[in-house]
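Engineer: Sending over my_file.json (JSON, C-alpha atoms and all ligand atoms).
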[["chain", "number", "residue", "atom", "x", "y", "z"],
["V", 1489, "MET", "CA", 0.00, 0.00, 0.00],
["V", 1490, "HIS", "CA", 1.26, 3.48, -0.79],
["V", 1491, "LEU", "CA", 1.39, 5.69, 2.28],
["V", 1492, "LEU", "CA", 1.25, 9.42, 1.63],
["V", 1493, "ASN", "CA", 4.66, 11.12, 1.72],
["V", 1494, "ALA", "CA", 3.73, 13.93, 4.11],
["V", 1495, "ASP", "CA", 6.44, 16.25, 5.46],
["V", 1496, "LEU", "CA", 4.80, 18.54, 8.00],
["V", 1497, "HIS", "CA", 7.81, 20.22, 9.61],
["V", 1498, "SER", "CA", 10.33, 22.45, 7.78],
["V", 1499, "HIS", "CA", 11.90, 25.91, 7.97],
["V", 1500, "SER", "CA", 12.59, 28.69, 5.44],
["V", 1501, "THR", "CA", 14.41, 32.05, 5.52],
["V", 1502, "VAL", "CA", 11.28, 33.41, 7.20],
["V", 1503, "SER", "CA", 12.72, 31.86, 10.39],
["V", 1504, "ASP", "CA", 16.01, 29.94, 10.67],
["V", 1505, "GLY", "CA", 16.09, 27.94, 7.43],
["V", 1506, "THR", "CA", 18.38, 28.92, 4.56],
["V", 1507, "LEU", "CA", 16.06, 28.35, 1.57],
["V", 1508, "GLU", "CA", 13.30, 30.75, 0.51],
["V", 1509, "PRO", "CA", 9.80, 29.22, 0.70],
["V", 1510, "GLU", "CA", 9.73, 28.81, -3.10],
["V", 1511, "ALA", "CA", 13.08, 26.96, -3.22],
["V", 1512, "LEU", "CA", 12.03, 24.80, -0.29],
["V", 1513, "ALA", "CA", 8.79, 23.87, -2.07],
["V", 1514, "ARG", "CA", 10.69, 22.87, -5.21],
["V", 1515, "ARG", "CA", 13.14, 20.80, -3.17],
["V", 1516, "ALA", "CA", 10.32, 19.09, -1.25],
["V", 1517, "GLN", "CA", 8.58, 18.18, -4.50],
["V", 1518, "ALA", "CA", 11.83, 16.89, -6.02],
["V", 1519, "CYS", "CA", 12.32, 14.74, -2.90],
["V", 1520, "GLY", "CA", 8.91, 13.11, -3.39],
["V", 1521, "VAL", "CA", 6.86, 15.03, -0.83],
["V", 1522, "GLU", "CA", 3.13, 14.89, -1.67],
["V", 1523, "LEU", "CA", 1.74, 16.90, 1.26],
["V", 1524, "TRP", "CA", 3.93, 19.65, 2.68],
["V", 1525, "ALA", "CA", 3.79, 22.20, 5.52],
["V", 1526, "LEU", "CA", 6.22, 25.08, 6.08],
["V", 1527, "THR", "CA", 6.46, 25.48, 9.87],
["V", 1528, "ASP", "CA", 8.61, 28.53, 10.55],
["V", 1529, "HIS", "CA", 9.33, 29.39, 14.19],
["V", 1530, "ASP", "CA", 6.85, 31.85, 15.77],
["V", 1531, "GLU", "CA", 5.91, 33.34, 12.38],
["V", 1532, "VAL", "CA", 3.31, 32.76, 9.66],
["V", 1533, "GLY", "CA", 4.64, 35.43, 7.27],
["V", 1534, "GLY", "CA", 5.73, 32.81, 4.73],
["V", 1535, "GLN", "CA", 2.43, 30.93, 4.56],
["V", 1536, "HIS", "CA", 0.87, 32.53, 1.48],
["V", 1537, "ARG", "CA", 4.14, 32.22, -0.46],
["V", 1538, "ALA", "CA", 4.53, 28.58, 0.61],
["V", 1539, "ALA", "CA", 0.96, 27.68, -0.36],
["V", 1540, "ALA", "CA", 1.38, 29.29, -3.80],
["V", 1541, "ALA", "CA", 4.76, 27.60, -4.30],
["V", 1542, "ALA", "CA", 3.34, 24.22, -3.30],
["V", 1543, "ARG", "CA", 0.54, 24.62, -5.83],
["V", 1544, "ALA", "CA", 3.02, 25.62, -8.56],
["V", 1545, "ALA", "CA", 5.08, 22.52, -7.74],
["V", 1546, "GLY", "CA", 2.03, 20.25, -7.77],
["V", 1547, "MET", "CA", 2.03, 19.47, -4.03],
["V", 1548, "ASP", "CA", -0.84, 19.55, -1.56],
["V", 1549, "TYR", "CA", -0.29, 22.01, 1.27],
["V", 1550, "LEU", "CA", -1.19, 22.51, 4.94],
["V", 1551, "THR", "CA", -0.44, 25.80, 6.70],
["V", 1552, "GLY", "CA", 2.06, 25.48, 9.53],
["V", 1553, "CYS", "CA", 4.09, 27.13, 12.28],
["V", 1554, "GLU", "CA", 6.24, 26.02, 15.23],
["V", 1555, "ILE", "CA", 5.58, 27.96, 18.43],
["V", 1556, "SER", "CA", 8.20, 28.30, 21.19],
["V", 1557, "VAL", "CA", 6.67, 27.53, 24.61],
["V", 1558, "THR", "CA", 8.11, 27.37, 28.13],
["V", 1559, "PHE", "CA", 6.82, 24.39, 30.12],
["V", 1560, "ALA", "CA", 8.34, 23.42, 33.48],
["V", 1561, "ASP", "CA", 11.26, 25.79, 32.73],
["V", 1562, "VAL", "CA", 12.08, 23.94, 29.50],
["V", 1563, "THR", "CA", 11.59, 25.20, 25.93],
["V", 1564, "VAL", "CA", 9.02, 23.02, 24.17],
["V", 1565, "HIS", "CA", 7.97, 23.42, 20.54],
["V", 1566, "ILE", "CA", 4.33, 23.15, 19.49],
["V", 1567, "VAL", "CA", 3.61, 22.73, 15.78],
["V", 1568, "GLY", "CA", 0.34, 24.14, 14.44],
["V", 1569, "LEU", "CA", -1.16, 22.72, 11.24],
["V", 1570, "GLY", "CA", -4.12, 23.63, 9.05],
["V", 1571, "PHE", "CA", -4.99, 26.98, 10.68],
["V", 1572, "ASP", "CA", -6.09, 30.24, 9.03],
["V", 1573, "PRO", "CA", -2.82, 32.21, 8.73],
["V", 1574, "ASP", "CA", -4.72, 35.51, 8.70],
["V", 1575, "ASP", "CA", -6.32, 34.87, 12.11],
["V", 1576, "ALA", "CA", -5.79, 38.04, 14.20],
["V", 1577, "ALA", "CA", -5.40, 36.35, 17.61],
["V", 1578, "LEU", "CA", -2.85, 33.87, 16.23],
["V", 1579, "GLN", "CA", -0.86, 36.68, 14.62],
["V", 1580, "ALA", "CA", -0.92, 38.79, 17.79],
["V", 1581, "GLY", "CA", 0.21, 35.83, 19.90],
["V", 1582, "LEU", "CA", 3.08, 35.05, 17.55],
["V", 1583, "GLN", "CA", 4.14, 38.68, 17.47],
["V", 1584, "ALA", "CA", 4.29, 38.75, 21.27],
["V", 1585, "THR", "CA", 6.30, 35.51, 21.25],
["V", 1586, "ARG", "CA", 8.84, 36.99, 18.82],
["V", 1587, "ALA", "CA", 9.17, 40.24, 20.76],
["V", 1588, "GLY", "CA", 12.01, 39.28, 23.12],
["V", 1589, "ARG", "CA", 14.34, 37.83, 20.51],
["V", 1590, "SER", "CA", 16.41, 40.95, 19.72],
["V", 1591, "ALA", "CA", 17.23, 41.73, 23.36],
["V", 1592, "ARG", "CA", 18.02, 38.06, 23.98],
["V", 1593, "ALA", "CA", 20.35, 38.03, 20.96],
["V", 1594, "ARG", "CA", 22.30, 41.01, 22.34],
["V", 1595, "GLU", "CA", 22.68, 39.21, 25.67],
["V", 1596, "MET", "CA", 23.84, 36.07, 23.85],
["V", 1597, "ALA", "CA", 26.50, 38.15, 22.08],
["V", 1598, "ASP", "CA", 27.59, 39.68, 25.42],
["V", 1599, "SER", "CA", 27.91, 36.19, 26.89],
["V", 1600, "LEU", "CA", 30.01, 35.01, 23.93],
["V", 1601, "ALA", "CA", 32.19, 38.15, 24.20],
["V", 1602, "ARG", "CA", 33.01, 37.15, 27.78],
["V", 1603, "VAL", "CA", 34.73, 34.01, 26.44],
["V", 1604, "GLY", "CA", 36.56, 36.01, 23.77],
["V", 1605, "ILE", "CA", 34.16, 35.63, 20.81],
["V", 1606, "ARG", "CA", 33.55, 39.16, 19.54],
["V", 1607, "GLY", "CA", 31.12, 40.58, 17.01],
["V", 1608, "ALA", "CA", 28.62, 37.71, 17.35],
["V", 1609, "TYR", "CA", 25.52, 39.90, 17.19],
["V", 1610, "GLU", "CA", 26.54, 41.55, 13.93],
["V", 1611, "GLY", "CA", 27.87, 38.22, 12.69],
["V", 1612, "ALA", "CA", 24.62, 36.38, 13.38],
["V", 1613, "LEU", "CA", 22.57, 39.19, 11.84],
["V", 1614, "LYS", "CA", 24.21, 38.54, 8.46],
["V", 1615, "TYR", "CA", 22.40, 35.20, 8.33],
["V", 1616, "VAL", "CA", 19.02, 36.53, 9.42],
["V", 1617, "GLY", "CA", 16.30, 36.70, 6.76],
["V", 1618, "ASN", "CA", 13.68, 38.09, 9.16],
["V", 1619, "PRO", "CA", 15.13, 40.49, 11.78],
["V", 1620, "ASP", "CA", 12.29, 39.66, 14.21],
["V", 1621, "LEU", "CA", 13.44, 36.10, 14.22],
["V", 1622, "ILE", "CA", 17.09, 36.12, 15.15],
["V", 1623, "SER", "CA", 17.71, 32.70, 16.68],
["V", 1624, "ARG", "CA", 20.41, 30.47, 18.10],
["V", 1625, "THR", "CA", 20.70, 28.89, 14.65],
["V", 1626, "HIS", "CA", 21.98, 32.18, 13.21],
["V", 1627, "PHE", "CA", 24.61, 32.44, 15.97],
["V", 1628, "GLY", "CA", 25.51, 28.84, 15.18],
["V", 1629, "ARG", "CA", 26.18, 29.73, 11.54],
["V", 1630, "PHE", "CA", 28.40, 32.61, 12.64],
["V", 1631, "LEU", "CA", 30.40, 30.29, 14.95],
["V", 1632, "VAL", "CA", 30.92, 27.84, 12.08],
["V", 1633, "GLU", "CA", 31.84, 30.57, 9.59],
["V", 1634, "THR", "CA", 34.48, 31.97, 11.92],
["V", 1635, "GLY", "CA", 35.96, 28.52, 12.57],
["V", 1636, "VAL", "CA", 35.08, 28.45, 16.28],
["V", 1637, "CYS", "CA", 33.17, 25.20, 15.61],
["V", 1638, "GLY", "CA", 33.30, 22.67, 12.81],
["V", 1639, "ASP", "CA", 29.54, 22.34, 12.33],
["V", 1640, "THR", "CA", 26.25, 23.41, 13.92],
["V", 1641, "HIS", "CA", 25.98, 20.20, 15.95],
["V", 1642, "GLU", "CA", 29.29, 21.01, 17.61],
["V", 1643, "VAL", "CA", 27.97, 24.53, 18.23],
["V", 1644, "PHE", "CA", 25.08, 23.21, 20.32],
["V", 1645, "ARG", "CA", 27.37, 20.85, 22.24],
["V", 1646, "ARG", "CA", 29.83, 23.59, 23.21],
["V", 1647, "TYR", "CA", 27.80, 26.80, 23.12],
["V", 1648, "LEU", "CA", 24.27, 28.25, 23.25],
["V", 1649, "THR", "CA", 22.77, 25.51, 25.48],
["V", 1650, "GLU", "CA", 22.18, 25.55, 29.23],
["V", 1651, "GLY", "CA", 25.39, 26.03, 31.20],
["V", 1652, "LYS", "CA", 27.46, 26.89, 28.08],
["V", 1653, "PRO", "CA", 28.70, 30.29, 26.81],
["V", 1654, "GLY", "CA", 26.10, 32.16, 24.78],
["V", 1655, "TYR", "CA", 23.12, 30.61, 26.57],
["V", 1656, "VAL", "CA", 20.51, 33.09, 27.77],
["V", 1657, "PRO", "CA", 17.41, 31.70, 29.47],
["V", 1658, "HIS", "CA", 14.22, 32.95, 27.92],
["V", 1659, "ARG", "CA", 10.53, 32.78, 28.76],
["V", 1660, "TRP", "CA", 8.45, 31.90, 25.68],
["V", 1661, "ALA", "CA", 4.67, 31.54, 25.28],
["V", 1662, "ARG", "CA", 2.57, 29.51, 27.72],
["V", 1663, "LEU", "CA", 1.55, 26.05, 26.56],
["V", 1664, "GLY", "CA", -2.19, 26.75, 26.84],
["V", 1665, "ASP", "CA", -1.90, 30.04, 24.95],
["V", 1666, "ALA", "CA", 0.00, 28.48, 22.05],
["V", 1667, "VAL", "CA", -2.51, 25.63, 21.77],
["V", 1668, "ARG", "CA", -5.43, 28.07, 21.85],
["V", 1669, "TRP", "CA", -3.91, 30.37, 19.18],
["V", 1670, "ILE", "CA", -3.65, 27.36, 16.86],
["V", 1671, "THR", "CA", -7.02, 25.78, 17.61],
["V", 1672, "GLY", "CA", -8.75, 29.18, 17.67],
["V", 1673, "ALA", "CA", -7.55, 29.68, 14.09],
["V", 1674, "GLY", "CA", -9.07, 26.33, 13.08],
["V", 1675, "GLY", "CA", -5.87, 24.26, 13.24],
["V", 1676, "ILE", "CA", -4.52, 21.25, 15.12],
["V", 1677, "ALA", "CA", -1.73, 21.58, 17.73],
["V", 1678, "VAL", "CA", 1.01, 18.94, 17.75],
["V", 1679, "VAL", "CA", 3.86, 18.36, 20.25],
["V", 1680, "ALA", "CA", 7.06, 18.68, 18.18],
["V", 1681, "HIS", "CA", 9.99, 16.20, 18.49],
["V", 1682, "PRO", "CA", 9.08, 15.05, 22.05],
["V", 1683, "ALA", "CA", 12.28, 13.03, 22.53],
["V", 1684, "ARG", "CA", 14.34, 16.24, 22.52],
["V", 1685, "TYR", "CA", 13.12, 17.51, 25.89],
["V", 1686, "PRO", "CA", 15.05, 16.66, 29.07],
["V", 1687, "PHE", "CA", 11.92, 15.71, 31.02],
["V", 1688, "THR", "CA", 11.56, 13.01, 33.63],
["V", 1689, "PRO", "CA", 8.74, 10.55, 32.82],
["V", 1690, "THR", "CA", 6.54, 12.32, 35.36],
["V", 1691, "VAL", "CA", 6.98, 15.78, 33.83],
["V", 1692, "GLU", "CA", 6.62, 14.37, 30.31],
["V", 1693, "TYR", "CA", 3.33, 12.80, 31.39],
["V", 1694, "ALA", "CA", 2.27, 16.19, 32.77],
["V", 1695, "LEU", "CA", 3.17, 17.85, 29.45],
["V", 1696, "PHE", "CA", 0.97, 15.47, 27.47],
["V", 1697, "THR", "CA", -1.87, 15.65, 29.99],
["V", 1698, "GLU", "CA", -1.91, 19.46, 30.10],
["V", 1699, "PHE", "CA", -1.44, 19.73, 26.32],
["V", 1700, "ILE", "CA", -4.56, 17.61, 25.78],
["V", 1701, "ALA", "CA", -6.51, 19.48, 28.47],
["V", 1702, "HIS", "CA", -5.81, 22.72, 26.55],
["V", 1703, "GLY", "CA", -7.09, 21.15, 23.30],
["V", 1704, "GLY", "CA", -3.89, 19.75, 21.78],
["V", 1705, "ARG", "CA", -4.50, 16.74, 19.54],
["V", 1706, "GLY", "CA", -1.26, 15.51, 17.95],
["V", 1707, "VAL", "CA", 2.32, 14.38, 18.49],
["V", 1708, "GLU", "CA", 5.27, 14.02, 16.13],
["V", 1709, "VAL", "CA", 6.15, 10.34, 16.06],
["V", 1710, "VAL", "CA", 8.42, 10.22, 13.00],
["V", 1711, "THR", "CA", 10.79, 13.22, 12.91],
["V", 1712, "GLY", "CA", 14.42, 13.88, 12.07],
["V", 1713, "ALA", "CA", 15.15, 14.02, 15.81],
["V", 1714, "HIS", "CA", 13.83, 10.51, 16.57],
["V", 1715, "GLY", "CA", 15.63, 7.20, 16.14],
["V", 1716, "VAL", "CA", 13.74, 3.92, 15.85],
["V", 1717, "ALA", "CA", 13.43, 3.51, 19.64],
["V", 1718, "GLU", "CA", 11.91, 6.97, 19.97],
["V", 1719, "GLN", "CA", 9.49, 6.32, 17.11],
["V", 1720, "HIS", "CA", 8.25, 3.26, 18.98],
["V", 1721, "LYS", "CA", 8.05, 5.07, 22.29],
["V", 1722, "TYR", "CA", 5.99, 7.96, 20.91],
["V", 1723, "ALA", "CA", 3.84, 5.67, 18.78],
["V", 1724, "ASP", "CA", 2.87, 3.96, 22.05],
["V", 1725, "MET", "CA", 2.33, 7.35, 23.71],
["V", 1726, "ALA", "CA", 0.11, 8.48, 20.81],
["V", 1727, "LEU", "CA", -2.07, 5.38, 21.32],
["V", 1728, "GLU", "CA", -2.08, 5.72, 25.11],
["V", 1729, "PHE", "CA", -3.13, 9.38, 24.97],
["V", 1730, "GLY", "CA", -5.38, 9.08, 21.91],
["V", 1731, "LEU", "CA", -3.28, 11.53, 19.90],
["V", 1732, "LEU", "CA", -3.01, 11.91, 16.14],
["V", 1733, "ALA", "CA", 0.46, 11.19, 14.73],
["V", 1734, "SER", "CA", 2.56, 13.55, 12.64],
["V", 1735, "ARG", "CA", 5.63, 13.12, 10.44],
["V", 1736, "GLY", "CA", 8.16, 15.83, 9.55],
["V", 1737, "SER", "CA", 11.84, 16.20, 8.75],
["V", 1738, "ASP", "CA", 12.51, 19.53, 10.54],
["V", 1739, "PHE", "CA", 14.61, 20.42, 7.49],
["V", 1740, "HIS", "CA", 16.55, 23.73, 7.80],
["V", 1741, "ASP", "CA", 19.39, 23.61, 5.25],
["V", 1742, "PRO", "CA", 20.85, 21.18, 2.67],
["V", 1743, "ASP", "CA", 24.20, 20.92, 4.51],
["V", 1744, "GLU", "CA", 23.21, 21.33, 8.16],
["V", 1745, "SER", "CA", 20.16, 19.09, 8.27],
["V", 1746, "ARG", "CA", 20.68, 15.40, 8.87],
["V", 1747, "THR", "CA", 17.28, 14.52, 7.43],
["V", 1748, "GLU", "CA", 16.27, 15.38, 3.87],
["V", 1749, "LEU", "CA", 12.75, 16.57, 3.08],
["V", 1750, "GLY", "CA", 10.33, 13.67, 2.61],
["V", 1751, "SER", "CA", 12.94, 11.03, 3.44],
["V", 1752, "LEU", "CA", 11.64, 9.72, 6.77],
["V", 1753, "PRO", "CA", 10.18, 6.29, 7.49],
["V", 1754, "ASP", "CA", 6.40, 5.97, 7.21],
["V", 1755, "LEU", "CA", 4.21, 6.39, 10.27],
["V", 1756, "PRO", "CA", 3.50, 3.05, 11.94],
["V", 1757, "GLY", "CA", 0.26, 1.69, 10.43],
["V", 1758, "ARG", "CA", -1.53, 1.42, 13.77],
["V", 1759, "LEU", "CA", -1.55, 5.23, 14.18],
["V", 1760, "GLN", "CA", -4.05, 7.84, 12.98],
["V", 1761, "PRO", "CA", -2.17, 10.36, 10.76],
["V", 1762, "VAL", "CA", -2.85, 13.98, 11.69],
["V", 1763, "TRP", "CA", -3.59, 14.81, 8.04],
["V", 1764, "GLY", "CA", -6.58, 12.44, 8.15],
["V", 1765, "ALA", "CA", -8.26, 14.94, 10.50],
["V", 1766, "LEU", "CA", -7.29, 17.92, 8.31],
["V", 1767, "GLN", "CA", -8.71, 16.81, 4.95],
["V", 1768, "ASP", "CA", -10.91, 19.91, 4.60],
["V", 1769, "ARG", "CA", -7.90, 22.13, 5.43],
["V", 1770, "ILE", "CA", -5.59, 20.75, 2.76],
["V", 1771, "ARG", "CA", -5.01, 23.15, -0.12],
["V", 1772, "ARG", "CA", -5.11, 20.82, -3.09],
["V", 1773, "ALA", "CA", -2.71, 21.34, -5.97],
["V", 1774, "THR", "CA", -5.15, 19.88, -8.45],
["Q", 1801, "LIG", "P1", 15.94, 29.50, 19.37],
["Q", 1801, "LIG", "O1", 14.50, 29.45, 18.95],
["Q", 1801, "LIG", "O2", 16.59, 30.82, 19.07],
["Q", 1801, "LIG", "O3", 16.16, 29.07, 20.80],
["Q", 1801, "LIG", "O4", 16.74, 28.48, 18.45],
["Q", 1801, "LIG", "C1", 16.36, 27.14, 18.42],
["Q", 1801, "LIG", "C2", 16.83, 26.50, 17.13],
["Q", 1801, "LIG", "O5", 18.19, 26.11, 17.25],
["Q", 1801, "LIG", "C3", 16.08, 25.23, 16.83],
["Q", 1801, "LIG", "O6", 14.90, 25.49, 16.12],
["Q", 1801, "LIG", "C4", 17.06, 24.49, 15.97],
["Q", 1801, "LIG", "O7", 16.98, 24.95, 14.63],
["Q", 1801, "LIG", "C5", 18.39, 24.90, 16.54],
["Q", 1801, "LIG", "N1", 18.90, 23.91, 17.52],
["Q", 1801, "LIG", "C6", 18.61, 23.83, 18.83],
["Q", 1801, "LIG", "N2", 19.28, 22.80, 19.40],
["Q", 1801, "LIG", "C7", 20.01, 22.24, 18.43],
["Q", 1801, "LIG", "C8", 20.93, 21.15, 18.37],
["Q", 1801, "LIG", "N3", 21.24, 20.43, 19.46],
["Q", 1801, "LIG", "N4", 21.48, 20.86, 17.18],
["Q", 1801, "LIG", "C9", 21.21, 21.59, 16.08],
["Q", 1801, "LIG", "N5", 20.35, 22.62, 16.06],
["Q", 1801, "LIG", "C10", 19.76, 22.95, 17.22],
["Q", 1802, "MN", "MN", 15.05, 25.89, 13.98],
["Q", 1803, "MN", "MN", 11.81, 22.52, 17.12],
["Q", 1804, "MN", "MN", 11.60, 22.92, 13.70]]
Go ahead and render the structure in this file as structure tokens.
Ligand code: AMP
Ligand code: MN
Ligand code: MN
Ligand code: MN
Structural biologist:
Amino acid sequence: MHLLNADLHSHSTVSDGTLEPEALARRAQACGVELWALTDHDEVGGQHRAAAAARAAGMDYLTGCEISVTFADVTVHIVGLGFDPDDAALQAGLQATRAGRSARAREMADSLARVGIRGAYEGALKYVGNPDLISRTHFGRFLVETGVCGDTHEVFRRYLTEGKPGYVPHRWARLGDAVRWITGAGGIAVVAHPARYPFTPTVEYALFTEFIAHGGRGVEVVTGAHGVAEQHKYADMALEFGLLASRGSDFHDPDESRTELGSLPDLPGRLQPVWGALQDRIRRAT
């Protein structure tokens, strides 16, 4: 049986990816993606371009975003799919979420300067497509360009994460607010790459329980960040909690990303794909 090649997690220059939405759409199509979502961080400014580019490339499209949330003092990402990108409450919520990024970036640069790395703010800015959205990824590119680190994975091992130079704690949106912005705009909220969070089983259970209580309905089971063991674990969690399952590469850049667009394993057959519940939200190419 042919399972749909859905890739519902990717980033463009509108956040911290390096390809424009149009180039990303062409690459996704060339990689065999049949249903695509652009999910830029805290921003829906690329959605109309992405939908038009998907149509031009002959792909079905779902609107998307990835909202930064603070839960139990940890940054958690919530993917929204199939919402109205022009919804005023969603746009206001995302704007508020983006607001602290510039000040945080200056503090990150100050922290790096204290270990002898100068000019990081200006250096990171060179990689930024959307000034509202300066992120750790842009600092990572600067640290690679200047030879401080060999690649972005080394960057996040040695810098920019808790306890390391360049890390600045930040308070993002509240879980319930992010879920409500997405669902209020007619979409479905999905817990992104759950294996990446350093939660104890108890706190992870609390995350899923509260997420569902706020109206969240999905979880990423197959993502670039999950190995086979994690796919099994979160497939079981999806069944236990009655959640829809999503699949997405989290593609950012042809060289940096370990997972190509559309190249992930299929969702386990026992799961309900999130796109099954979004049929009336899919923008059909034909
Ligand atoms: P920010 O939203 O500014 O905190 O930046 C977070 C972004 O940094 C994520 O969306 C990823 O693109 C990137 N990132 C975070 N941790 C890692 C990691 N361990 N390896 C590679 N990229 C990472
Ligand atoms: Mn990112
Ligand atoms: Mn993420
Ligand atoms: Mn992502």
Engineer: Determine, counting only C-alpha atoms, which protein, DNA and RNA residues have an atom within 7 Å of an atom of segment 1641-1653 of chain V; residues of the same chain fewer than 6 positions away are not included. Present the result as a compact mmCIF listing (two decimals) with C-alpha atoms, keeping the file's coordinate frame.
Structural biologist:
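File written: result_32.txt
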# COMPACT_ATOMS: atom_id res chain seq x y z
CA SER V 1599 27.91 36.19 26.89
CA LEU V 1600 30.01 35.01 23.93
CA ARG V 1624 20.41 30.47 18.10
CA GLY V 1628 25.51 28.84 15.18
Engineer: Rank V:Ser1503, V:Thr1527, V:Thr1625, V:Ser1590 by their smallest atom-to-atom distance to ligand LIG 1801 (chain Q), using all atoms listed in the file, and report the top residue only.
Structural biologist: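 Between V:Ser1503, V:Thr1527, V:Thr1625, V:Ser1590, the residue approaching ligand LIG 1801 (chain Q) most closely is V:Thr1625.
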Engineer: Taking only C-alpha atoms and all ligand atoms into account, which of V:Ser1751, V:Ser1623, V:Thr1697, V:Gln1579 comes nearest ligand LIG 1801 (chain Q)?
Structural biologist: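 Selected residue with least distance to ligand LIG 1801 (chain Q): V:Ser1623.
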Engineer: Could you give me, as JSON lines, a per-residue list for chain V showing, wherever an atom lies at most 7 Å from an atom of ligand MN 1802 (chain Q), the closest pair of atoms and their distance in Å to one decimal, using all atoms listed in the file and sorting by chain then residue number from low to high?
Structural biologist:
{"residue": "V:His1499", "atom": "CA", "partner": "Q:MN1802", "partner_atom": "MN", "distance": 6.8}
{"residue": "V:Asp1504", "atom": "CA", "partner": "Q:MN1802", "partner_atom": "MN", "distance": 5.3}
{"residue": "V:Gly1505", "atom": "CA", "partner": "Q:MN1802", "partner_atom": "MN", "distance": 6.9}
{"residue": "V:His1529", "atom": "CA", "partner": "Q:MN1802", "partner_atom": "MN", "distance": 6.7}
{"residue": "V:Thr1625", "atom": "CA", "partner": "Q:MN1802", "partner_atom": "MN", "distance": 6.4}
{"residue": "V:His1740", "atom": "CA", "partner": "Q:MN1802", "partner_atom": "MN", "distance": 6.7}
Engineer: Could you tell me which of V:Val1567, V:Leu1578, V:Ile1700, V:Ala1666 comes closest to Val1679 of chain V if we count only C-alpha atoms?
Structural biologist: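 Nearest to Val1679 of chain V: V:Val1567.
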Engineer: Would you mind telling me which residue in V:Val1636, V:Ala1673, V:Met1596, V:Val1709 lies nearest to ligand LIG 1801 (chain Q) when using all atoms listed in the file?
Structural biologist: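 Smallest separation from ligand LIG 1801 (chain Q) among the options: V:Met1596.
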Engineer: Give me the residues near Arg1594 of chain V as a PyMOL selection string, where near means some atom within 10 Å (using all atoms listed in the file) and where sequence neighbours in that chain fewer than 4 positions away do not count.
Structural biologist: chain V and resi 1589-1590+1598-1600+1608-1610+1654+1656
Engineer: For those residues, write C-alpha atoms to a file as a short mmCIF file (atom, residue, chain, number, x, y, z; two decimals), in the coordinates of the input.
Structural biologist:
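part-v4.cif written:
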data_model
loop_
_atom_site.label_atom_id
_atom_site.label_comp_id
_atom_site.auth_asym_id
_atom_site.auth_seq_id
_atom_site.Cartn_x
_atom_site.Cartn_y
_atom_site.Cartn_z
CA ARG V 1589 14.34 37.83 20.51
CA SER V 1590 16.41 40.95 19.72
CA ASP V 1598 27.59 39.68 25.42
CA SER V 1599 27.91 36.19 26.89
CA LEU V 1600 30.01 35.01 23.93
CA ALA V 1608 28.62 37.71 17.35
CA TYR V 1609 25.52 39.90 17.19
CA GLU V 1610 26.54 41.55 13.93
CA GLY V 1654 26.10 32.16 24.78
CA VAL V 1656 20.51 33.09 27.77
#
Engineer: Would you place a box with edges along x, y and z of the file around all atoms of ligand LIG 1801 (chain Q) listed there, add 4 Å to each of its six sides, and report the centre and edge lengths in Å to one decimal, as JSON?
Structural biologist:
{"center_x": 18.0, "center_y": 25.6, "center_z": 17.7, "size_x": 15.0, "size_y": 18.4, "size_z": 14.2}
Engineer: Neighbouring residues of ligand MN 1803 (chain Q) are defined here as those with any atom at most 7 Å from a ligand atom, counting all atoms listed in the file; list them as a VMD selection string.
Structural biologist: chain V and resid 1554 1565 1680 to 1681
Engineer: Between V:Ala1723, V:Ile1770, V:Ala1584, V:Ile1555, which has the minimum distance to ligand LIG 1801 (chain Q) (counting only C-alpha atoms and all ligand atoms)?
Structural biologist: V:Ile1555
Engineer: Using all atoms listed in the file, which residues sit within 10 Å of Glu1531 of chain V once same-chain residues fewer than 3 positions away are excluded, as a PyMOL selection string?
Structural biologist: chain V and resi 1502-1503+1527-1528+1534-1535+1552-1555+1573+1578-1579+1581-1583+1585-1586+1618+1620-1621
Engineer: Emit the selected residues as a PDB file, keeping the file's coordinate frame, including C-alpha atoms.
Structural biologist:
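Final output, result13.pdb:
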ATOM      1  CA  VAL V1502      11.280  33.410   7.200  1.00  0.00           C
ATOM      2  CA  SER V1503      12.720  31.860  10.390  1.00  0.00           C
ATOM      3  CA  THR V1527       6.460  25.480   9.870  1.00  0.00           C
ATOM      4  CA  ASP V1528       8.610  28.530  10.550  1.00  0.00           C
ATOM      5  CA  GLY V1534       5.730  32.810   4.730  1.00  0.00           C
ATOM      6  CA  GLN V1535       2.430  30.930   4.560  1.00  0.00           C
ATOM      7  CA  GLY V1552       2.060  25.480   9.530  1.00  0.00           C
ATOM      8  CA  CYS V1553       4.090  27.130  12.280  1.00  0.00           C
ATOM      9  CA  GLU V1554       6.240  26.020  15.230  1.00  0.00           C
ATOM     10  CA  ILE V1555       5.580  27.960  18.430  1.00  0.00           C
ATOM     11  CA  PRO V1573      -2.820  32.210   8.730  1.00  0.00           C
ATOM     12  CA  LEU V1578      -2.850  33.870  16.230  1.00  0.00           C
ATOM     13  CA  GLN V1579      -0.860  36.680  14.620  1.00  0.00           C
ATOM     14  CA  GLY V1581       0.210  35.830  19.900  1.00  0.00           C
ATOM     15  CA  LEU V1582       3.080  35.050  17.550  1.00  0.00           C
ATOM     16  CA  GLN V1583       4.140  38.680  17.470  1.00  0.00           C
ATOM     17  CA  THR V1585       6.300  35.510  21.250  1.00  0.00           C
ATOM     18  CA  ARG V1586       8.840  36.990  18.820  1.00  0.00           C
ATOM     19  CA  ASN V1618      13.680  38.090   9.160  1.00  0.00           C
ATOM     20  CA  ASP V1620      12.290  39.660  14.210  1.00  0.00           C
ATOM     21  CA  LEU V1621      13.440  36.100  14.220  1.00  0.00           C
TER      22      LEU V1621
END
Engineer: For a quick check of understanding, using all atoms listed in the file, which of V:Val1557, V:Ala1773, V:Cys1519, V:Ala1540 has the smallest distance to Leu1752 of chain V?
Structural biologist: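 Checking each of V:Val1557, V:Ala1773, V:Cys1519, V:Ala1540 against Leu1752 of chain V, counting all atoms listed in the file, the winner is V:Cys1519.
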